[in-house]
file entry-v7.pdb (PDB, C-alpha atoms, pLDDT in the B column)
ATOM      1  CA  MET A 105    -165.086 -76.835 -96.965  1.00 75.00           C
ATOM      2  CA  LYS A 106    -166.627 -76.471 -93.504  1.00 84.00           C
ATOM      3  CA  LYS A 107    -164.967 -74.116 -91.025  1.00 88.00           C
ATOM      4  CA  TYR A 108    -165.341 -74.092 -87.252  1.00 89.00           C
ATOM      5  CA  THR A 109    -163.953 -71.707 -84.679  1.00 90.00           C
ATOM      6  CA  GLY A 110    -162.955 -72.432 -81.109  1.00 91.00           C
ATOM      7  CA  LYS A 111    -160.305 -71.433 -78.584  1.00 91.00           C
ATOM      8  CA  SER A 112    -156.782 -72.723 -78.915  1.00 90.00           C
ATOM      9  CA  VAL A 113    -155.373 -74.199 -75.708  1.00 87.00           C
ATOM     10  CA  TYR A 114    -152.141 -75.372 -77.320  1.00 83.00           C
ATOM     11  CA  SER A 115    -150.883 -73.878 -80.568  1.00 81.00           C
ATOM     12  CA  GLY A 116    -149.748 -75.910 -83.527  1.00 86.00           C
ATOM     13  CA  VAL A 117    -151.034 -77.414 -86.742  1.00 90.00           C
ATOM     14  CA  ALA A 118    -152.476 -80.895 -87.177  1.00 91.00           C
ATOM     15  CA  ILE A 119    -153.543 -82.352 -90.519  1.00 93.00           C
ATOM     16  CA  GLY A 120    -155.155 -85.763 -90.702  1.00 93.00           C
ATOM     17  CA  LYS A 121    -158.315 -87.831 -90.611  1.00 94.00           C
ATOM     18  CA  VAL A 122    -161.045 -87.263 -88.072  1.00 93.00           C
ATOM     19  CA  SER A 123    -161.890 -89.862 -85.439  1.00 92.00           C
ATOM     20  CA  VAL A 124    -165.060 -89.055 -83.498  1.00 91.00           C
ATOM     21  CA  PHE A 125    -164.471 -90.037 -79.870  1.00 86.00           C
ATOM     22  CA  LYS A 126    -166.810 -92.817 -78.810  1.00 80.00           C
ATOM     23  CA  ARG A 127    -168.036 -93.795 -75.385  1.00 75.00           C
ATOM     24  CA  ARG A 128    -170.231 -96.768 -74.535  1.00 73.00           C
ATOM     25  CA  GLU A 129    -172.737 -95.050 -72.284  1.00 73.00           C
ATOM     26  CA  ALA A 130    -175.183 -97.072 -70.255  1.00 74.00           C
ATOM     27  CA  GLU A 131    -178.716 -95.882 -69.671  1.00 83.00           C
ATOM     28  CA  ILE A 132    -178.912 -95.327 -65.934  1.00 91.00           C
ATOM     29  CA  ARG A 133    -182.236 -96.366 -64.473  1.00 93.00           C
ATOM     30  CA  ARG A 134    -183.591 -96.055 -60.978  1.00 96.00           C
ATOM     31  CA  VAL A 135    -183.940 -99.589 -59.583  1.00 96.00           C
ATOM     32  CA  ARG A 136    -185.387-100.491 -56.198  1.00 97.00           C
ATOM     33  CA  ILE A 137    -182.889-102.393 -54.021  1.00 97.00           C
ATOM     34  CA  ASP A 138    -183.864-104.553 -51.042  1.00 96.00           C
ATOM     35  CA  ASP A 139    -180.387-105.623 -49.898  1.00 97.00           C
ATOM     36  CA  LEU A 140    -178.882-102.217 -49.163  1.00 97.00           C
ATOM     37  CA  ASP A 141    -175.759-103.613 -47.475  1.00 97.00           C
ATOM     38  CA  ALA A 142    -174.919-105.566 -50.619  1.00 97.00           C
ATOM     39  CA  GLU A 143    -175.504-102.483 -52.767  1.00 97.00           C
ATOM     40  CA  ILE A 144    -173.202-100.358 -50.606  1.00 97.00           C
ATOM     41  CA  ALA A 145    -170.575-103.115 -50.792  1.00 98.00           C
ATOM     42  CA  ARG A 146    -170.959-103.061 -54.590  1.00 97.00           C
ATOM     43  CA  LEU A 147    -170.393 -99.302 -54.573  1.00 98.00           C
ATOM     44  CA  GLU A 148    -167.332 -99.644 -52.337  1.00 98.00           C
ATOM     45  CA  LYS A 149    -165.846-102.234 -54.682  1.00 97.00           C
ATOM     46  CA  ALA A 150    -166.343 -99.914 -57.665  1.00 97.00           C
ATOM     47  CA  LYS A 151    -164.777 -96.999 -55.776  1.00 98.00           C
ATOM     48  CA  LYS A 152    -161.717 -99.056 -54.822  1.00 97.00           C
ATOM     49  CA  GLN A 153    -161.338-100.206 -58.412  1.00 96.00           C
ATOM     50  CA  SER A 154    -161.584 -96.571 -59.533  1.00 97.00           C
ATOM     51  CA  VAL A 155    -158.830 -95.557 -57.114  1.00 97.00           C
ATOM     52  CA  ARG A 156    -156.541 -98.329 -58.398  1.00 97.00           C
ATOM     53  CA  GLN A 157    -157.137 -97.173 -61.979  1.00 95.00           C
ATOM     54  CA  LEU A 158    -156.417 -93.558 -61.059  1.00 96.00           C
ATOM     55  CA  GLU A 159    -153.185 -94.570 -59.348  1.00 96.00           C
ATOM     56  CA  LYS A 160    -152.045 -96.179 -62.623  1.00 95.00           C
ATOM     57  CA  ILE A 161    -153.101 -93.095 -64.586  1.00 94.00           C
ATOM     58  CA  TYR A 162    -151.179 -90.944 -62.094  1.00 95.00           C
ATOM     59  CA  GLU A 163    -148.029 -92.985 -62.728  1.00 95.00           C
ATOM     60  CA  LYS A 164    -148.460 -92.580 -66.496  1.00 91.00           C
ATOM     61  CA  ALA A 165    -149.087 -88.846 -66.144  1.00 92.00           C
ATOM     62  CA  LEU A 166    -146.051 -88.511 -63.891  1.00 92.00           C
ATOM     63  CA  LYS A 167    -143.826 -89.678 -66.750  1.00 89.00           C
ATOM     64  CA  GLU A 168    -145.573 -87.681 -69.465  1.00 85.00           C
ATOM     65  CA  VAL A 169    -146.578 -84.352 -67.925  1.00 87.00           C
ATOM     66  CA  GLY A 170    -144.575 -84.096 -64.696  1.00 89.00           C
ATOM     67  CA  GLU A 171    -145.474 -84.200 -61.024  1.00 91.00           C
ATOM     68  CA  SER A 172    -147.354 -80.897 -60.754  1.00 89.00           C
ATOM     69  CA  ASN A 173    -149.758 -81.806 -63.583  1.00 88.00           C
ATOM     70  CA  ALA A 174    -150.053 -85.450 -62.521  1.00 92.00           C
ATOM     71  CA  GLN A 175    -151.422 -84.198 -59.199  1.00 92.00           C
ATOM     72  CA  ILE A 176    -154.750 -83.792 -60.982  1.00 89.00           C
ATOM     73  CA  PHE A 177    -155.259 -87.522 -60.519  1.00 93.00           C
ATOM     74  CA  ARG A 178    -154.269 -87.446 -56.868  1.00 94.00           C
ATOM     75  CA  ILE A 179    -157.009 -84.832 -56.493  1.00 92.00           C
ATOM     76  CA  HIS A 180    -159.428 -87.160 -58.304  1.00 95.00           C
ATOM     77  CA  ILE A 181    -158.613 -89.904 -55.792  1.00 96.00           C
ATOM     78  CA  MET A 182    -159.307 -87.452 -52.958  1.00 95.00           C
ATOM     79  CA  MET A 183    -162.595 -86.470 -54.612  1.00 95.00           C
ATOM     80  CA  ILE A 184    -163.728 -90.106 -54.657  1.00 96.00           C
ATOM     81  CA  GLU A 185    -163.211 -90.145 -50.894  1.00 94.00           C
ATOM     82  CA  ASP A 186    -164.706 -86.676 -50.319  1.00 95.00           C
ATOM     83  CA  GLU A 187    -167.003 -86.685 -47.285  1.00 96.00           C
ATOM     84  CA  ASP A 188    -169.815 -84.632 -48.855  1.00 96.00           C
ATOM     85  CA  TYR A 189    -169.716 -86.638 -52.089  1.00 97.00           C
ATOM     86  CA  ASN A 190    -169.916 -89.947 -50.237  1.00 97.00           C
ATOM     87  CA  GLU A 191    -172.561 -88.742 -47.810  1.00 97.00           C
ATOM     88  CA  SER A 192    -174.763 -87.973 -50.790  1.00 98.00           C
ATOM     89  CA  LEU A 193    -174.116 -91.401 -52.352  1.00 98.00           C
ATOM     90  CA  TYR A 194    -174.955 -93.348 -49.194  1.00 97.00           C
ATOM     91  CA  ASN A 195    -177.953 -91.198 -48.266  1.00 98.00           C
ATOM     92  CA  ILE A 196    -179.538 -91.716 -51.683  1.00 98.00           C
ATOM     93  CA  ILE A 197    -178.966 -95.489 -51.603  1.00 98.00           C
ATOM     94  CA  VAL A 198    -180.219 -95.937 -48.043  1.00 97.00           C
ATOM     95  CA  ASN A 199    -183.031 -93.378 -47.911  1.00 97.00           C
ATOM     96  CA  GLN A 200    -184.424 -94.112 -51.354  1.00 98.00           C
ATOM     97  CA  SER A 201    -183.526 -97.852 -51.524  1.00 98.00           C
ATOM     98  CA  VAL A 202    -182.020 -97.442 -54.985  1.00 98.00           C
ATOM     99  CA  ASN A 203    -179.105 -98.799 -57.020  1.00 98.00           C
ATOM    100  CA  ALA A 204    -175.592 -97.420 -56.712  1.00 98.00           C
ATOM    101  CA  GLU A 205    -175.256 -96.177 -60.310  1.00 96.00           C
ATOM    102  CA  TYR A 206    -178.421 -94.108 -59.907  1.00 98.00           C
ATOM    103  CA  ALA A 207    -177.037 -92.615 -56.673  1.00 98.00           C
ATOM    104  CA  VAL A 208    -173.751 -91.751 -58.414  1.00 98.00           C
ATOM    105  CA  THR A 209    -175.592 -90.137 -61.329  1.00 97.00           C
ATOM    106  CA  VAL A 210    -177.800 -87.969 -59.096  1.00 98.00           C
ATOM    107  CA  THR A 211    -174.869 -86.979 -56.877  1.00 98.00           C
ATOM    108  CA  SER A 212    -172.749 -86.141 -59.903  1.00 96.00           C
ATOM    109  CA  ASP A 213    -175.506 -83.997 -61.456  1.00 96.00           C
ATOM    110  CA  ASN A 214    -175.977 -82.108 -58.187  1.00 96.00           C
ATOM    111  CA  PHE A 215    -172.267 -81.409 -57.714  1.00 95.00           C
ATOM    112  CA  ILE A 216    -171.823 -80.417 -61.377  1.00 94.00           C
ATOM    113  CA  ALA A 217    -174.718 -77.953 -61.033  1.00 95.00           C
ATOM    114  CA  MET A 218    -173.193 -76.557 -57.836  1.00 94.00           C
ATOM    115  CA  PHE A 219    -169.762 -75.978 -59.434  1.00 90.00           C
ATOM    116  CA  GLY A 220    -171.334 -74.711 -62.655  1.00 86.00           C
ATOM    117  CA  ALA A 221    -173.205 -72.005 -60.723  1.00 89.00           C
ATOM    118  CA  MET A 222    -170.015 -70.599 -59.186  1.00 88.00           C
ATOM    119  CA  GLU A 223    -168.660 -67.323 -60.542  1.00 85.00           C
ATOM    120  CA  ASP A 224    -164.997 -68.275 -60.193  1.00 86.00           C
ATOM    121  CA  ALA A 225    -163.809 -69.714 -63.535  1.00 79.00           C
ATOM    122  CA  TYR A 226    -161.437 -72.200 -61.892  1.00 78.00           C
ATOM    123  CA  MET A 227    -164.135 -73.595 -59.607  1.00 81.00           C
ATOM    124  CA  LYS A 228    -166.635 -73.683 -62.476  1.00 81.00           C
ATOM    125  CA  ALA A 229    -164.184 -75.862 -64.437  1.00 76.00           C
ATOM    126  CA  ARG A 230    -164.090 -78.403 -61.579  1.00 84.00           C
ATOM    127  CA  ALA A 231    -167.463 -79.699 -62.759  1.00 87.00           C
ATOM    128  CA  ALA A 232    -165.540 -81.677 -65.402  1.00 85.00           C
ATOM    129  CA  ASP A 233    -163.516 -83.385 -62.667  1.00 89.00           C
ATOM    130  CA  VAL A 234    -166.656 -84.435 -60.805  1.00 93.00           C
ATOM    131  CA  LYS A 235    -168.057 -85.839 -64.038  1.00 91.00           C
ATOM    132  CA  ASP A 236    -164.818 -87.718 -64.703  1.00 91.00           C
ATOM    133  CA  ILE A 237    -164.663 -89.500 -61.345  1.00 95.00           C
ATOM    134  CA  SER A 238    -168.404 -90.223 -61.362  1.00 96.00           C
ATOM    135  CA  ASN A 239    -168.244 -91.749 -64.836  1.00 92.00           C
ATOM    136  CA  ARG A 240    -165.304 -93.864 -63.737  1.00 94.00           C
ATOM    137  CA  ILE A 241    -167.261 -95.263 -60.779  1.00 96.00           C
ATOM    138  CA  ILE A 242    -170.276 -95.958 -63.028  1.00 95.00           C
ATOM    139  CA  ASN A 243    -168.025 -97.680 -65.590  1.00 92.00           C
ATOM    140  CA  ASN A 244    -166.816 -99.996 -62.824  1.00 94.00           C
ATOM    141  CA  LEU A 245    -170.381-100.651 -61.670  1.00 95.00           C
ATOM    142  CA  ILE A 246    -171.421-101.428 -65.265  1.00 90.00           C
ATOM    143  CA  PRO A 247    -168.371-102.982 -66.969  1.00 75.00           C
ATOM    144  CA  ASP A 248    -169.824-102.777 -70.502  1.00 67.00           C
ATOM    145  CA  CYS A 249    -169.797 -98.971 -70.594  1.00 60.00           C
ATOM    146  CA  GLY A 250    -166.822 -96.644 -70.899  1.00 54.00           C
ATOM    147  CA  VAL A 251    -164.437 -95.617 -73.652  1.00 56.00           C
ATOM    148  CA  ASN A 252    -163.792 -97.844 -76.631  1.00 53.00           C
ATOM    149  CA  GLU A 253    -160.980 -96.299 -78.660  1.00 58.00           C
ATOM    150  CA  ALA A 254    -158.173 -97.854 -80.708  1.00 60.00           C
ATOM    151  CA  PHE A 255    -156.496 -96.192 -83.658  1.00 67.00           C
ATOM    152  CA  ASP A 256    -154.901 -97.857 -86.668  1.00 73.00           C
ATOM    153  CA  GLU A 257    -153.589 -94.578 -88.058  1.00 84.00           C
ATOM    154  CA  ASN A 258    -152.829 -91.020 -87.021  1.00 90.00           C
ATOM    155  CA  VAL A 259    -156.031 -89.100 -86.249  1.00 94.00           C
ATOM    156  CA  ILE A 260    -157.483 -85.850 -85.013  1.00 93.00           C
ATOM    157  CA  ILE A 261    -159.858 -86.619 -82.151  1.00 92.00           C
ATOM    158  CA  CYS A 262    -163.225 -84.833 -82.214  1.00 92.00           C
ATOM    159  CA  ALA A 263    -165.400 -85.035 -79.105  1.00 90.00           C
ATOM    160  CA  ASP A 264    -168.106 -83.285 -77.112  1.00 90.00           C
ATOM    161  CA  ASP A 265    -165.479 -82.888 -74.392  1.00 87.00           C
ATOM    162  CA  LEU A 266    -162.603 -84.938 -73.037  1.00 87.00           C
ATOM    163  CA  ALA A 267    -162.189 -85.813 -69.393  1.00 85.00           C
ATOM    164  CA  PRO A 268    -158.714 -85.368 -67.862  1.00 86.00           C
ATOM    165  CA  SER A 269    -158.237 -89.137 -67.597  1.00 87.00           C
ATOM    166  CA  GLU A 270    -159.328 -89.623 -71.229  1.00 88.00           C
ATOM    167  CA  THR A 271    -156.829 -86.972 -72.310  1.00 87.00           C
ATOM    168  CA  VAL A 272    -153.811 -88.428 -70.526  1.00 87.00           C
ATOM    169  CA  LEU A 273    -154.635 -91.914 -71.861  1.00 86.00           C
ATOM    170  CA  LEU A 274    -154.608 -90.754 -75.491  1.00 85.00           C
ATOM    171  CA  ASP A 275    -152.004 -92.536 -77.611  1.00 84.00           C
ATOM    172  CA  ARG A 276    -149.590 -89.699 -78.356  1.00 82.00           C
ATOM    173  CA  ASP A 277    -148.074 -91.686 -81.221  1.00 85.00           C
ATOM    174  CA  LYS A 278    -151.428 -91.776 -82.999  1.00 89.00           C
ATOM    175  CA  VAL A 279    -153.240 -88.600 -81.859  1.00 91.00           C
ATOM    176  CA  LEU A 280    -152.251 -85.565 -83.924  1.00 93.00           C
ATOM    177  CA  GLY A 281    -154.551 -83.184 -82.059  1.00 91.00           C
ATOM    178  CA  PHE A 282    -158.056 -82.851 -80.712  1.00 90.00           C
ATOM    179  CA  VAL A 283    -161.069 -80.568 -81.018  1.00 92.00           C
ATOM    180  CA  THR A 284    -163.968 -80.451 -78.563  1.00 92.00           C
ATOM    181  CA  ALA A 285    -167.406 -78.914 -78.900  1.00 91.00           C
ATOM    182  CA  PHE A 286    -167.373 -77.721 -75.299  1.00 88.00           C
ATOM    183  CA  GLY A 287    -164.837 -77.252 -72.513  1.00 82.00           C
ATOM    184  CA  SER A 288    -162.956 -74.526 -70.678  1.00 79.00           C
ATOM    185  CA  SER A 289    -159.437 -73.138 -71.002  1.00 78.00           C
ATOM    186  CA  ASN A 290    -159.213 -73.493 -67.206  1.00 74.00           C
ATOM    187  CA  SER A 291    -160.050 -77.193 -67.312  1.00 79.00           C
ATOM    188  CA  HIS A 292    -157.571 -79.885 -66.404  1.00 76.00           C
ATOM    189  CA  THR A 293    -158.028 -81.266 -69.909  1.00 82.00           C
ATOM    190  CA  ALA A 294    -156.735 -77.995 -71.404  1.00 84.00           C
ATOM    191  CA  ILE A 295    -153.806 -77.959 -68.963  1.00 82.00           C
ATOM    192  CA  LEU A 296    -152.887 -81.528 -69.887  1.00 84.00           C
ATOM    193  CA  ALA A 297    -153.105 -80.800 -73.631  1.00 85.00           C
ATOM    194  CA  ARG A 298    -150.628 -77.972 -73.219  1.00 85.00           C
ATOM    195  CA  ASN A 299    -148.211 -80.118 -71.260  1.00 83.00           C
ATOM    196  CA  MET A 300    -148.574 -83.097 -73.603  1.00 85.00           C
ATOM    197  CA  ASN A 301    -147.786 -80.819 -76.588  1.00 86.00           C
ATOM    198  CA  ILE A 302    -151.010 -81.818 -78.342  1.00 88.00           C
ATOM    199  CA  PRO A 303    -152.525 -79.136 -80.610  1.00 91.00           C
ATOM    200  CA  ALA A 304    -155.994 -78.613 -79.186  1.00 91.00           C
ATOM    201  CA  ILE A 305    -159.062 -76.445 -79.743  1.00 92.00           C
ATOM    202  CA  ILE A 306    -162.005 -76.284 -77.363  1.00 91.00           C
ATOM    203  CA  GLY A 307    -165.476 -74.783 -77.678  1.00 90.00           C
ATOM    204  CA  ALA A 308    -166.017 -75.436 -81.392  1.00 91.00           C
ATOM    205  CA  GLY A 309    -169.769 -75.602 -80.757  1.00 89.00           C
ATOM    206  CA  GLU A 310    -172.585 -78.128 -81.039  1.00 85.00           C
ATOM    207  CA  ASP A 311    -172.883 -77.833 -84.842  1.00 87.00           C
ATOM    208  CA  PHE A 312    -169.275 -78.991 -85.205  1.00 87.00           C
ATOM    209  CA  LEU A 313    -169.939 -82.323 -83.512  1.00 85.00           C
ATOM    210  CA  ARG A 314    -173.192 -82.923 -85.407  1.00 88.00           C
ATOM    211  CA  GLU A 315    -171.595 -82.287 -88.790  1.00 90.00           C
ATOM    212  CA  ILE A 316    -168.135 -83.831 -88.497  1.00 89.00           C
ATOM    213  CA  ALA A 317    -167.682 -87.520 -89.355  1.00 90.00           C
ATOM    214  CA  ASP A 318    -165.102 -90.285 -89.079  1.00 91.00           C
ATOM    215  CA  GLY A 319    -162.570 -90.312 -91.899  1.00 92.00           C
ATOM    216  CA  GLU A 320    -163.017 -86.688 -92.977  1.00 92.00           C
ATOM    217  CA  GLN A 321    -159.805 -84.771 -93.632  1.00 92.00           C
ATOM    218  CA  ALA A 322    -159.243 -81.922 -91.153  1.00 92.00           C
TER     219      ALA A 322
END
call {"tool": "encode", "arguments": {"input": "entry-v7.pdb", "output": "structure tokens"}}
result
Amino acid sequence: MKKYTGKSVYSGVAIGKVSVFKRREAEIRRVRIDDLDAEIARLEKAKKQSVRQLEKIYEKALKEVGESNAQIFRIHIMMIEDEDYNESLYNIIVNQSVNAEYAVTVTSDNFIAMFGAMEDAYMKARAADVKDISNRIINNLIPDCGVNEAFDENVIICADDLAPSETVLLDRDKVLGFVTAFGSSNSHTAILARNMNIPAIIGAGEDFLREIADGEQA
């Protein structure tokens, strides 16, 4: 029997089959764009769609985890409209004549690195929020990528990490618990797990995710 150790963010016991969390991730390439106005309009459309999705997630979270925890998604909406974030997006598109998804990827990487370099644990954990909103915008720019999860039975989710929006959208009737290879106890994902009463362990390590497989008993 394999054993892995991580940090509990919500205590409890879950016994069931493993489901490895799957995302359809697009390969982001740098593409030269001639019609920059059209590309900016494409980005704006994806951002507006992202805000509408987050408003629906906020309403779901409001019912499940209460107003104070649902505010995470109000903050995500504000982050999409953040002046520095958007200035970076538009500058990259206009100055480099490149596609919107490439601009979002570069901006996201830069902001994640900035938060990751901070000493404050809370601010360091905000890198996950930047990644979450950026992935959402990219998913709306490239409709074929994103999360593809449906469960026919009760499962324990195993993932590299879970974004806050991915966590709150988990089917609580089917998800017994989750384990992630990475993550922080200060992350919004950890906070949501505690408030959703989902047994959860974070930081189980890279080996865990390489060795675990769908259908294994855990």
call {"tool": "atom_distance", "arguments": {"input": "entry-v7.pdb", "atom1": "atom CA of A:Val279", "atom2": "atom CA of A:Gln153"}}
result
27.4 Å
call {"tool": "closest_residue", "arguments": {"input": "entry-v7.pdb", "among": "A:Asn258, A:Gln157, A:Thr109, A:Asn190", "to": "A:Asn243", "atoms": "only C-alpha atoms"}}
result
A:Gln157
call {"tool": "resolve_selection", "arguments": {"input": "entry-v7.pdb", "expression": "the PyMOL selection byres ((chain A and resi 112) around 10)", "output": "number ranges by chain"}}
result
A: 109-111, 113-116, 283, 289, 294, 298, 303-308
call {"tool": "resolve_selection", "arguments": {"input": "entry-v7.pdb", "expression": "the PyMOL selection byres ((chain A and resi 239) around 10)", "output": "NGL selection string"}}
result
:A and (129 or 154 or 205 or 208-209 or 212 or 233-238 or 240-245 or 249-250 or 267)
call {"tool": "resolve_selection", "arguments": {"input": "entry-v7.pdb", "expression": "the PyMOL selection byres ((chain A and resi 287) around 9)", "output": "list in words"}}
result
Ala229, Ala232, Asp264, Asp265, Leu266, Thr284, Ala285, Phe286, Ser288, Ser289, Asn290, Ser291, Thr293, Ala294, Ile306 and Gly307 of chain A
call {"tool": "residues_around", "arguments": {"input": "entry-v7.pdb", "residues": "stretch 165-179 of chain A", "least_positions_apart": "3", "cutoff": "7 Å", "atoms": "all atoms listed in the file", "output": "list in words"}}
result
Leu158, Ile161, Tyr162, Met182, Met183, Val272, Asn299 and Met300 of chain A
call {"tool": "residues_around", "arguments": {"input": "entry-v7.pdb", "residues": "A:Thr211", "least_positions_apart": "3", "cutoff": "8 Å", "atoms": "all atoms listed in the file", "output": "JSON, numbers by chain"}}
result
{"A": [189, 192, 193, 207, 208, 214, 215]}
call {"tool": "closest_residue", "arguments": {"input": "entry-v7.pdb", "among": "A:Ile216, A:Ile261, A:Ala231, A:Ala150", "to": "A:Ala204", "atoms": "only C-alpha atoms"}}
result
A:Ala150
call {"tool": "closest_residue", "arguments": {"input": "entry-v7.pdb", "among": "A:Ile196, A:Val122, A:Val117, A:Ile132", "to": "A:Lys278", "atoms": "all atoms listed in the file"}}
result
A:Val122
call {"tool": "residues_around", "arguments": {"input": "entry-v7.pdb", "residues": "A:Asp141", "least_positions_apart": "6", "cutoff": "10 Å", "atoms": "only C-alpha atoms", "output": "ChimeraX atom specification"}}
result
/A:147,197-198
call {"tool": "atom_distance", "arguments": {"input": "entry-v7.pdb", "atom1": "atom CA of A:Glu159", "atom2": "atom CA of A:Leu140"}}
result
28.7 Å
call {"tool": "closest_residue", "arguments": {"input": "entry-v7.pdb", "among": "A:Asp318, A:Ile119, A:Pro268, A:Asp224", "to": "A:His180", "atoms": "only C-alpha atoms"}}
result
A:Pro268
call {"tool": "closest_residue", "arguments": {"input": "entry-v7.pdb", "among": "A:Ile260, A:Lys151, A:His292, A:Thr271", "to": "A:Gly120", "atoms": "all atoms listed in the file"}}
result
A:Ile260
call {"tool": "build_atoms", "arguments": {"input": "entry-v7.pdb", "residues": "stretch 298-312 of chain A", "atoms": "N, CA, C and O atoms", "output": "PDB file, keeping the file's coordinate frame"}}
result
ATOM      1  N   ARG A 298    -151.786 -78.852 -73.087  1.00 85.00           N
ATOM      2  CA  ARG A 298    -150.628 -77.972 -73.219  1.00 85.00           C
ATOM      3  C   ARG A 298    -149.345 -78.682 -72.820  1.00 85.00           C
ATOM      4  O   ARG A 298    -148.310 -78.540 -73.465  1.00 85.00           O
ATOM      5  N   ASN A 299    -149.419 -79.458 -71.757  1.00 83.00           N
ATOM      6  CA  ASN A 299    -148.211 -80.118 -71.260  1.00 83.00           C
ATOM      7  C   ASN A 299    -147.861 -81.385 -72.032  1.00 83.00           C
ATOM      8  O   ASN A 299    -146.731 -81.859 -71.959  1.00 83.00           O
ATOM      9  N   MET A 300    -148.838 -81.928 -72.758  1.00 85.00           N
ATOM     10  CA  MET A 300    -148.574 -83.097 -73.603  1.00 85.00           C
ATOM     11  C   MET A 300    -148.190 -82.689 -75.025  1.00 85.00           C
ATOM     12  O   MET A 300    -147.950 -83.530 -75.878  1.00 85.00           O
ATOM     13  N   ASN A 301    -148.146 -81.353 -75.265  1.00 86.00           N
ATOM     14  CA  ASN A 301    -147.786 -80.819 -76.588  1.00 86.00           C
ATOM     15  C   ASN A 301    -148.718 -81.334 -77.687  1.00 86.00           C
ATOM     16  O   ASN A 301    -148.278 -81.659 -78.785  1.00 86.00           O
ATOM     17  N   ILE A 302    -150.012 -81.397 -77.365  1.00 88.00           N
ATOM     18  CA  ILE A 302    -151.010 -81.818 -78.342  1.00 88.00           C
ATOM     19  C   ILE A 302    -151.778 -80.591 -78.815  1.00 88.00           C
ATOM     20  O   ILE A 302    -152.442 -79.927 -78.009  1.00 88.00           O
ATOM     21  N   PRO A 303    -151.706 -80.238 -80.111  1.00 91.00           N
ATOM     22  CA  PRO A 303    -152.525 -79.136 -80.610  1.00 91.00           C
ATOM     23  C   PRO A 303    -153.992 -79.382 -80.277  1.00 91.00           C
ATOM     24  O   PRO A 303    -154.521 -80.453 -80.572  1.00 91.00           O
ATOM     25  N   ALA A 304    -154.631 -78.395 -79.664  1.00 91.00           N
ATOM     26  CA  ALA A 304    -155.994 -78.613 -79.186  1.00 91.00           C
ATOM     27  C   ALA A 304    -156.823 -77.353 -79.287  1.00 91.00           C
ATOM     28  O   ALA A 304    -156.341 -76.250 -79.015  1.00 91.00           O
ATOM     29  N   ILE A 305    -158.088 -77.534 -79.682  1.00 92.00           N
ATOM     30  CA  ILE A 305    -159.062 -76.445 -79.743  1.00 92.00           C
ATOM     31  C   ILE A 305    -160.289 -76.880 -78.965  1.00 92.00           C
ATOM     32  O   ILE A 305    -160.758 -78.007 -79.107  1.00 92.00           O
ATOM     33  N   ILE A 306    -160.794 -75.989 -78.134  1.00 91.00           N
ATOM     34  CA  ILE A 306    -162.005 -76.284 -77.363  1.00 91.00           C
ATOM     35  C   ILE A 306    -163.102 -75.299 -77.750  1.00 91.00           C
ATOM     36  O   ILE A 306    -162.839 -74.241 -78.315  1.00 91.00           O
ATOM     37  N   GLY A 307    -164.344 -75.681 -77.449  1.00 90.00           N
ATOM     38  CA  GLY A 307    -165.476 -74.783 -77.678  1.00 90.00           C
ATOM     39  C   GLY A 307    -165.806 -74.544 -79.129  1.00 90.00           C
ATOM     40  O   GLY A 307    -166.184 -73.432 -79.525  1.00 90.00           O
ATOM     41  N   ALA A 308    -165.706 -75.589 -79.962  1.00 91.00           N
ATOM     42  CA  ALA A 308    -166.017 -75.436 -81.392  1.00 91.00           C
ATOM     43  C   ALA A 308    -167.519 -75.424 -81.658  1.00 91.00           C
ATOM     44  O   ALA A 308    -167.942 -75.173 -82.785  1.00 91.00           O
ATOM     45  N   GLY A 309    -168.322 -75.724 -80.626  1.00 89.00           N
ATOM     46  CA  GLY A 309    -169.769 -75.602 -80.757  1.00 89.00           C
ATOM     47  C   GLY A 309    -170.476 -76.903 -81.104  1.00 89.00           C
ATOM     48  O   GLY A 309    -169.875 -77.852 -81.587  1.00 89.00           O
ATOM     49  N   GLU A 310    -171.775 -76.926 -80.827  1.00 85.00           N
ATOM     50  CA  GLU A 310    -172.585 -78.128 -81.039  1.00 85.00           C
ATOM     51  C   GLU A 310    -172.674 -78.520 -82.516  1.00 85.00           C
ATOM     52  O   GLU A 310    -172.696 -79.700 -82.853  1.00 85.00           O
ATOM     53  N   ASP A 311    -172.764 -77.532 -83.413  1.00 87.00           N
ATOM     54  CA  ASP A 311    -172.883 -77.833 -84.842  1.00 87.00           C
ATOM     55  C   ASP A 311    -171.679 -78.640 -85.328  1.00 87.00           C
ATOM     56  O   ASP A 311    -171.826 -79.552 -86.155  1.00 87.00           O
ATOM     57  N   PHE A 312    -170.516 -78.294 -84.825  1.00 87.00           N
ATOM     58  CA  PHE A 312    -169.275 -78.991 -85.205  1.00 87.00           C
ATOM     59  C   PHE A 312    -169.414 -80.492 -85.002  1.00 87.00           C
ATOM     60  O   PHE A 312    -169.129 -81.288 -85.893  1.00 87.00           O
TER      61      PHE A 312
END
